[in-house]
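Trainee: Here you go, this is input.csv (CSV, C-alpha atoms).
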chain,number,residue,atom,x,y,z
A,98,MET,CA,0.0,0.0,0.0
A,99,LEU,CA,2.8,2.4,0.9
A,100,PRO,CA,4.3,2.4,-2.7
A,101,ARG,CA,0.9,3.4,-4.0
A,102,ILE,CA,0.7,6.2,-1.5
A,103,ARG,CA,4.2,7.4,-2.5
A,104,LYS,CA,3.2,7.3,-6.1
A,105,ALA,CA,0.1,9.4,-5.5
A,106,LEU,CA,2.2,11.9,-3.6
A,107,ASP,CA,4.8,12.0,-6.4
A,108,LYS,CA,2.1,12.6,-9.0
A,109,ASN,CA,0.5,15.4,-7.0
A,110,SER,CA,2.9,17.1,-4.5
A,111,ILE,CA,0.3,19.6,-3.5
A,112,ILE,CA,-2.3,17.0,-2.5
A,113,SER,CA,-2.3,18.4,1.0
A,114,HIS,CA,-3.9,21.5,-0.3
A,115,LYS,CA,-6.7,19.7,-2.1
A,116,ALA,CA,-10.1,18.9,-0.7
A,117,LEU,CA,-10.4,16.2,2.0
A,118,LYS,CA,-12.4,14.1,-0.4
A,119,ASP,CA,-9.6,14.2,-3.0
A,120,GLN,CA,-6.9,13.4,-0.4
A,121,PHE,CA,-8.9,10.5,0.9
A,122,GLU,CA,-9.5,9.1,-2.6
A,123,LYS,CA,-5.9,9.4,-3.7
A,124,LEU,CA,-4.1,8.5,-0.5
A,125,ILE,CA,-6.4,5.9,1.1
A,126,LEU,CA,-9.1,4.6,-1.1
A,127,GLN,CA,-7.2,4.1,-4.4
A,128,PRO,CA,-4.2,2.4,-2.7
A,129,LEU,CA,-6.5,0.1,-0.9
A,130,LEU,CA,-8.4,-0.8,-4.0
A,131,GLY,CA,-5.2,-1.5,-5.8
A,132,ILE,CA,-4.1,-4.3,-3.5
A,133,LYS,CA,-4.3,-7.7,-5.2
A,134,GLN,CA,-6.8,-10.1,-3.8
A,135,ALA,CA,-4.4,-13.1,-3.4
A,136,ARG,CA,-2.1,-11.1,-1.2
A,137,SER,CA,-4.8,-9.3,0.8
A,138,GLN,CA,-6.5,-12.4,2.2
A,139,ALA,CA,-3.6,-13.2,4.5
A,140,VAL,CA,-2.9,-9.7,5.9
A,141,ALA,CA,-5.4,-7.2,7.3
A,142,ARG,CA,-4.5,-3.6,6.8
A,143,VAL,CA,-4.7,-1.1,9.7
A,144,VAL,CA,-4.9,2.7,9.3
A,145,VAL,CA,-4.3,4.8,12.4
A,146,ILE,CA,-5.6,8.3,12.8
A,147,ASN,CA,-4.3,9.7,16.0
A,148,ALA,CA,-5.8,12.7,17.9
A,149,LEU,CA,-8.7,13.5,15.5
A,150,ASP,CA,-9.8,16.1,18.0
A,151,GLU,CA,-6.8,18.1,17.2
A,152,CYS,CA,-8.3,18.9,13.7
A,153,GLU,CA,-9.0,22.6,13.7
A,154,ARG,CA,-12.4,22.6,12.0
A,155,GLU,CA,-15.4,20.6,13.2
A,156,ALA,CA,-16.7,20.3,9.7
A,157,ASP,CA,-13.5,18.7,8.6
A,158,ILE,CA,-13.8,16.1,11.4
A,159,ARG,CA,-17.3,15.2,10.3
A,160,ALA,CA,-16.1,15.0,6.7
A,161,ILE,CA,-13.2,12.7,7.6
A,162,LEU,CA,-15.6,10.4,9.6
A,163,GLN,CA,-18.0,10.2,6.6
A,164,LEU,CA,-15.2,9.4,4.3
A,165,LEU,CA,-13.8,6.7,6.6
A,166,ALA,CA,-17.3,5.1,6.7
A,167,GLN,CA,-16.9,4.5,2.9
A,168,THR,CA,-14.2,2.0,3.6
A,169,LYS,CA,-16.6,-0.4,5.4
A,170,ASP,CA,-17.4,-2.5,2.3
A,171,ILE,CA,-14.0,-2.4,0.6
A,172,SER,CA,-13.1,-5.8,-0.6
A,173,PRO,CA,-11.1,-8.0,-0.8
A,174,VAL,CA,-9.0,-6.0,1.6
A,175,PRO,CA,-9.6,-6.7,5.3
A,176,LEU,CA,-9.3,-3.3,6.8
A,177,ARG,CA,-9.4,-1.8,10.3
A,178,ILE,CA,-9.2,1.9,11.0
A,179,VAL,CA,-8.2,3.0,14.5
A,180,VAL,CA,-9.2,6.6,15.4
A,181,THR,CA,-8.1,8.1,18.7
A,182,SER,CA,-9.6,11.2,20.1
A,183,ARG,CA,-10.9,12.9,23.2
A,184,PRO,CA,-14.7,12.3,23.4
A,185,LYS,CA,-15.8,15.8,22.2
A,186,LEU,CA,-19.4,16.1,21.4
A,187,HIS,CA,-19.0,16.9,17.7
A,188,ILE,CA,-16.8,13.8,17.3
A,189,ARG,CA,-19.3,11.6,19.1
A,190,LEU,CA,-22.0,13.0,16.9
A,191,GLY,CA,-19.9,12.4,13.8
A,192,PHE,CA,-19.6,8.7,14.7
A,193,ARG,CA,-23.3,8.4,15.3
A,194,GLU,CA,-24.0,9.7,11.8
A,195,MET,CA,-22.2,6.6,10.4
A,196,PRO,CA,-24.2,3.6,9.3
A,197,ASN,CA,-24.8,0.8,11.9
A,198,GLY,CA,-21.9,-1.6,12.2
A,199,THR,CA,-19.4,0.9,10.8
A,200,TYR,CA,-17.6,1.5,14.0
A,201,GLN,CA,-17.0,0.2,17.5
A,202,ASP,CA,-16.4,2.4,20.5
A,203,LEU,CA,-13.6,1.7,23.0
A,204,VAL,CA,-13.8,4.1,25.9
A,205,LEU,CA,-10.4,3.9,27.7
A,206,HIS,CA,-11.6,4.9,31.1
A,207,GLU,CA,-14.1,1.9,31.0
A,208,VAL,CA,-11.3,-0.7,30.2
A,209,LEU,CA,-10.6,-3.0,33.1
A,210,ARG,CA,-7.7,-2.0,35.2
A,211,SER,CA,-6.2,-5.4,34.9
A,212,THR,CA,-6.2,-5.1,31.1
A,213,ILE,CA,-4.5,-1.7,31.3
A,214,GLU,CA,-1.9,-3.1,33.8
A,215,HIS,CA,-1.2,-6.1,31.5
A,216,ASN,CA,-0.8,-3.9,28.4
A,217,ILE,CA,1.4,-1.4,30.2
A,218,ARG,CA,3.5,-4.2,31.6
A,219,LEU,CA,4.0,-5.7,28.1
A,220,PHE,CA,4.9,-2.2,26.7
A,221,LEU,CA,7.4,-1.5,29.5
A,222,GLU,CA,9.0,-5.0,29.3
A,223,HIS,CA,9.4,-4.6,25.5
A,224,GLU,CA,10.7,-1.0,25.5
A,225,LEU,CA,13.1,-1.5,28.4
A,226,GLY,CA,14.3,-4.7,26.8
A,227,VAL,CA,15.2,-2.7,23.7
A,228,ILE,CA,17.0,-0.2,25.8
A,229,ARG,CA,18.9,-3.0,27.6
A,230,LYS,CA,20.0,-4.4,24.2
A,231,GLU,CA,20.9,-1.1,22.7
A,232,ARG,CA,22.9,0.0,25.7
A,233,MET,CA,24.4,-3.5,26.2
A,234,LEU,CA,23.2,-3.8,29.8
A,235,ALA,CA,23.3,-7.0,31.8
A,236,LEU,CA,20.3,-9.3,31.5
A,237,ASP,CA,19.4,-8.7,35.1
A,238,TRP,CA,19.7,-4.9,35.0
A,239,LEU,CA,15.9,-4.6,35.6
A,240,ALA,CA,14.3,-6.4,38.4
A,241,GLN,CA,10.7,-7.7,38.3
A,242,GLN,CA,9.8,-5.5,41.3
A,243,GLN,CA,11.0,-2.5,39.3
A,244,ILE,CA,8.6,-3.4,36.5
A,245,VAL,CA,5.8,-3.8,39.0
A,246,ALA,CA,6.6,-0.4,40.5
A,247,LEU,CA,6.7,1.2,37.1
A,248,VAL,CA,3.3,-0.3,36.1
A,249,GLU,CA,1.8,1.0,39.4
A,250,LEU,CA,3.1,4.5,38.6
A,251,ALA,CA,1.9,4.4,35.0
A,252,VAL,CA,-1.6,2.9,35.2
A,253,PRO,CA,-3.8,4.1,33.6
A,254,LEU,CA,-1.6,6.4,31.4
A,255,PHE,CA,0.4,4.9,28.6
A,256,ILE,CA,2.0,8.3,28.1
A,257,TYR,CA,3.6,8.0,31.5
A,258,ALA,CA,5.1,4.6,30.6
A,259,ALA,CA,6.3,6.0,27.2
A,260,THR,CA,7.8,9.0,28.8
A,261,VAL,CA,9.6,6.9,31.4
A,262,CYS,CA,11.1,4.7,28.6
A,263,TRP,CA,12.1,7.8,26.6
A,264,TYR,CA,13.8,9.3,29.8
A,265,VAL,CA,15.5,6.1,30.8
A,266,GLY,CA,16.8,5.5,27.3
A,267,SER,CA,18.1,9.0,26.7
A,268,LYS,CA,21.4,9.0,25.0
A,269,GLY,CA,24.4,10.1,27.1
A,270,SER,CA,22.8,9.0,30.3
A,271,SER,CA,22.9,6.1,32.6
A,272,PRO,CA,19.7,4.1,32.2
A,273,THR,CA,20.1,2.6,35.7
A,274,ALA,CA,20.6,6.0,37.3
A,275,PHE,CA,17.6,7.5,35.4
A,276,LEU,CA,15.4,4.4,36.2
A,277,ASN,CA,16.3,4.8,39.9
A,278,LYS,CA,15.4,8.5,39.8
A,279,VAL,CA,11.9,7.6,38.4
A,280,LEU,CA,11.4,5.0,41.0
A,281,GLN,CA,12.2,7.4,43.9
A,282,TYR,CA,9.0,9.2,43.3
Go ahead and render the structure in this file as structure tokens.

Mentor:
Amino acid sequence: MLPRIRKALDKNSIISHKALKDQFEKLILQPLLGIKQARSQAVARVVVINALDECEREADIRAILQLLAQTKDISPVPLRIVVTSRPKLHIRLGFREMPNGTYQDLVLHEVLRSTIEHNIRLFLEHELGVIRKERMLALDWLAQQQIVALVELAVPLFIYAATVCWYVGSKGSSPTAFLNKVLQY
């Protein structure tokens, strides 16, 4: 899909100044429709739209949601679109204008705490493992009780966990010293 998007951008370098409908058609819809059936059956495609609420105009948000609804029946490509946003009224109304079965809500503050803890634990273990490998730290540089403490500090905010990983992995610093600073609070 990415080569098709690049090709569309190369053909029309000012696409970002075009109408949303044109951008959607050239950068999302046509690349999706161009995927060959044989290859598409094995792999689902995921499009992530982060922070939709940061869009300046409410009319643009509604237009984006209506355009995204058009992807519901695209075949043969299995497609999921993940949209993150604060639950502002105009965004909730925009979703409600979509046909039934087009979207599924996931309200983060309604997710079970145990699920959030598990996901944050997995994230921290992965990211801190990457830091351990990149910085050539000992296999035991991070104790399980430190992971547990970090999870407790982070829940329910992934941004906290991500910030801790960024801080601990900062270049030119001691990951162990920075980790200990975080755990002091």

Trainee: Which is closest to Gln243 of chain A among A:Met195, A:Leu165, A:Met98, A:Leu225, if we use only C-alpha atoms?

Mentor: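 Ranking A:Met195, A:Leu165, A:Met98, A:Leu225 by distance to Gln243 of chain A, first place goes to A:Leu225.
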
Trainee: If we count only C-alpha atoms, what is near Leu209 of chain A at a cut-off of 12 Å, once residues fewer than 6 positions away on the same chain are taken out, given as a PyMOL selection string?

Mentor: chain A and resi 203+215-216+252-253

Trainee: If I take atom CA of Ile132 of chain A and atom CA of Ser113 of chain A, how far is one from the other in Å, to one decimal?

Mentor: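 Here the two named atoms are 23.2 Å from each other.
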
Trainee: Residues at most 12 Å from segment 168-183 of chain A, counting all atoms listed in the file, excluding those fewer than 2 positions away in the same chain, as a ChimeraX atom specification?

Mentor: /A:98,121-122,125-152,158,161-166,185-189,192,195-206

Trainee: Could those residues be written to a file, using C-alpha atoms, as a PDB file, keeping the file's coordinate frame?

Mentor:
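Once everything was written out, this is result15.pdb:
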ATOM      1  CA  MET A  98       0.000   0.000   0.000  1.00  0.00           C
ATOM      2  CA  PHE A 121      -8.900  10.500   0.900  1.00  0.00           C
ATOM      3  CA  GLU A 122      -9.500   9.100  -2.600  1.00  0.00           C
ATOM      4  CA  ILE A 125      -6.400   5.900   1.100  1.00  0.00           C
ATOM      5  CA  LEU A 126      -9.100   4.600  -1.100  1.00  0.00           C
ATOM      6  CA  GLN A 127      -7.200   4.100  -4.400  1.00  0.00           C
ATOM      7  CA  PRO A 128      -4.200   2.400  -2.700  1.00  0.00           C
ATOM      8  CA  LEU A 129      -6.500   0.100  -0.900  1.00  0.00           C
ATOM      9  CA  LEU A 130      -8.400  -0.800  -4.000  1.00  0.00           C
ATOM     10  CA  GLY A 131      -5.200  -1.500  -5.800  1.00  0.00           C
ATOM     11  CA  ILE A 132      -4.100  -4.300  -3.500  1.00  0.00           C
ATOM     12  CA  LYS A 133      -4.300  -7.700  -5.200  1.00  0.00           C
ATOM     13  CA  GLN A 134      -6.800 -10.100  -3.800  1.00  0.00           C
ATOM     14  CA  ALA A 135      -4.400 -13.100  -3.400  1.00  0.00           C
ATOM     15  CA  ARG A 136      -2.100 -11.100  -1.200  1.00  0.00           C
ATOM     16  CA  SER A 137      -4.800  -9.300   0.800  1.00  0.00           C
ATOM     17  CA  GLN A 138      -6.500 -12.400   2.200  1.00  0.00           C
ATOM     18  CA  ALA A 139      -3.600 -13.200   4.500  1.00  0.00           C
ATOM     19  CA  VAL A 140      -2.900  -9.700   5.900  1.00  0.00           C
ATOM     20  CA  ALA A 141      -5.400  -7.200   7.300  1.00  0.00           C
ATOM     21  CA  ARG A 142      -4.500  -3.600   6.800  1.00  0.00           C
ATOM     22  CA  VAL A 143      -4.700  -1.100   9.700  1.00  0.00           C
ATOM     23  CA  VAL A 144      -4.900   2.700   9.300  1.00  0.00           C
ATOM     24  CA  VAL A 145      -4.300   4.800  12.400  1.00  0.00           C
ATOM     25  CA  ILE A 146      -5.600   8.300  12.800  1.00  0.00           C
ATOM     26  CA  ASN A 147      -4.300   9.700  16.000  1.00  0.00           C
ATOM     27  CA  ALA A 148      -5.800  12.700  17.900  1.00  0.00           C
ATOM     28  CA  LEU A 149      -8.700  13.500  15.500  1.00  0.00           C
ATOM     29  CA  ASP A 150      -9.800  16.100  18.000  1.00  0.00           C
ATOM     30  CA  GLU A 151      -6.800  18.100  17.200  1.00  0.00           C
ATOM     31  CA  CYS A 152      -8.300  18.900  13.700  1.00  0.00           C
ATOM     32  CA  ILE A 158     -13.800  16.100  11.400  1.00  0.00           C
ATOM     33  CA  ILE A 161     -13.200  12.700   7.600  1.00  0.00           C
ATOM     34  CA  LEU A 162     -15.600  10.400   9.600  1.00  0.00           C
ATOM     35  CA  GLN A 163     -18.000  10.200   6.600  1.00  0.00           C
ATOM     36  CA  LEU A 164     -15.200   9.400   4.300  1.00  0.00           C
ATOM     37  CA  LEU A 165     -13.800   6.700   6.600  1.00  0.00           C
ATOM     38  CA  ALA A 166     -17.300   5.100   6.700  1.00  0.00           C
ATOM     39  CA  LYS A 185     -15.800  15.800  22.200  1.00  0.00           C
ATOM     40  CA  LEU A 186     -19.400  16.100  21.400  1.00  0.00           C
ATOM     41  CA  HIS A 187     -19.000  16.900  17.700  1.00  0.00           C
ATOM     42  CA  ILE A 188     -16.800  13.800  17.300  1.00  0.00           C
ATOM     43  CA  ARG A 189     -19.300  11.600  19.100  1.00  0.00           C
ATOM     44  CA  PHE A 192     -19.600   8.700  14.700  1.00  0.00           C
ATOM     45  CA  MET A 195     -22.200   6.600  10.400  1.00  0.00           C
ATOM     46  CA  PRO A 196     -24.200   3.600   9.300  1.00  0.00           C
ATOM     47  CA  ASN A 197     -24.800   0.800  11.900  1.00  0.00           C
ATOM     48  CA  GLY A 198     -21.900  -1.600  12.200  1.00  0.00           C
ATOM     49  CA  THR A 199     -19.400   0.900  10.800  1.00  0.00           C
ATOM     50  CA  TYR A 200     -17.600   1.500  14.000  1.00  0.00           C
ATOM     51  CA  GLN A 201     -17.000   0.200  17.500  1.00  0.00           C
ATOM     52  CA  ASP A 202     -16.400   2.400  20.500  1.00  0.00           C
ATOM     53  CA  LEU A 203     -13.600   1.700  23.000  1.00  0.00           C
ATOM     54  CA  VAL A 204     -13.800   4.100  25.900  1.00  0.00           C
ATOM     55  CA  LEU A 205     -10.400   3.900  27.700  1.00  0.00           C
ATOM     56  CA  HIS A 206     -11.600   4.900  31.100  1.00  0.00           C
TER      57      HIS A 206
END

Trainee: What separation in Å, quoted to one decimal, exists between atom CA of Trp238 of chain A and atom CA of Glu224 of chain A?

Mentor: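 Going from atom CA of Trp238 of chain A over to atom CA of Glu224 of chain A, I get 13.7 Å.
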
Trainee: With only C-alpha atoms as the counted atoms, please give the residues lying no more than 9 Å from segment 276-278 of chain A, apart from itself and same-chain residues fewer than 5 positions off, as a list in words.

Mentor: Gln243, Val261, Cys262, Tyr264, Val265 and Ser271 of chain A

Trainee: From the set A:Leu247, A:Gly269, A:Ala259, A:Pro100, which residue has the shortest atom-to-atom contact distance to Tyr282 of chain A, counting only C-alpha atoms?

Mentor: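 Smallest separation from Tyr282 of chain A among the options: A:Leu247.
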
Trainee: Rebuild segment 250-261 of chain A so that it carries N, CA and C atoms, then output the result as a short mmCIF file (atom, residue, chain, number, x, y, z; two decimals), in the coordinates of the input.

Mentor:
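Heads up, here's the output in out_12.cif:
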data_model
loop_
_atom_site.label_atom_id
_atom_site.label_comp_id
_atom_site.auth_asym_id
_atom_site.auth_seq_id
_atom_site.Cartn_x
_atom_site.Cartn_y
_atom_site.Cartn_z
N LEU A 250 3.01 3.03 38.88
CA LEU A 250 3.10 4.50 38.60
C LEU A 250 2.41 4.90 37.37
N ALA A 251 2.43 4.05 36.36
CA ALA A 251 1.90 4.40 35.00
C ALA A 251 0.40 4.28 34.91
N VAL A 252 -0.18 3.23 35.46
CA VAL A 252 -1.60 2.90 35.20
C VAL A 252 -2.43 4.15 35.67
N PRO A 253 -3.34 4.65 34.83
CA PRO A 253 -3.80 4.10 33.60
C PRO A 253 -3.21 4.83 32.34
N LEU A 254 -2.11 5.53 32.50
CA LEU A 254 -1.60 6.40 31.40
C LEU A 254 -0.43 5.80 30.67
N PHE A 255 -0.68 5.38 29.44
CA PHE A 255 0.40 4.90 28.60
C PHE A 255 1.45 5.96 28.36
N ILE A 256 1.02 7.21 28.31
CA ILE A 256 2.00 8.30 28.10
C ILE A 256 3.01 8.35 29.17
N TYR A 257 2.61 8.03 30.39
CA TYR A 257 3.60 8.00 31.50
C TYR A 257 4.63 6.92 31.23
N ALA A 258 4.16 5.73 30.86
CA ALA A 258 5.10 4.60 30.60
C ALA A 258 6.01 4.97 29.40
N ALA A 259 5.45 5.58 28.37
CA ALA A 259 6.30 6.00 27.20
C ALA A 259 7.29 7.01 27.57
N THR A 260 6.89 7.96 28.41
CA THR A 260 7.80 9.00 28.80
C THR A 260 8.94 8.45 29.69
N VAL A 261 8.61 7.52 30.56
CA VAL A 261 9.60 6.90 31.40
C VAL A 261 10.65 6.16 30.48
#
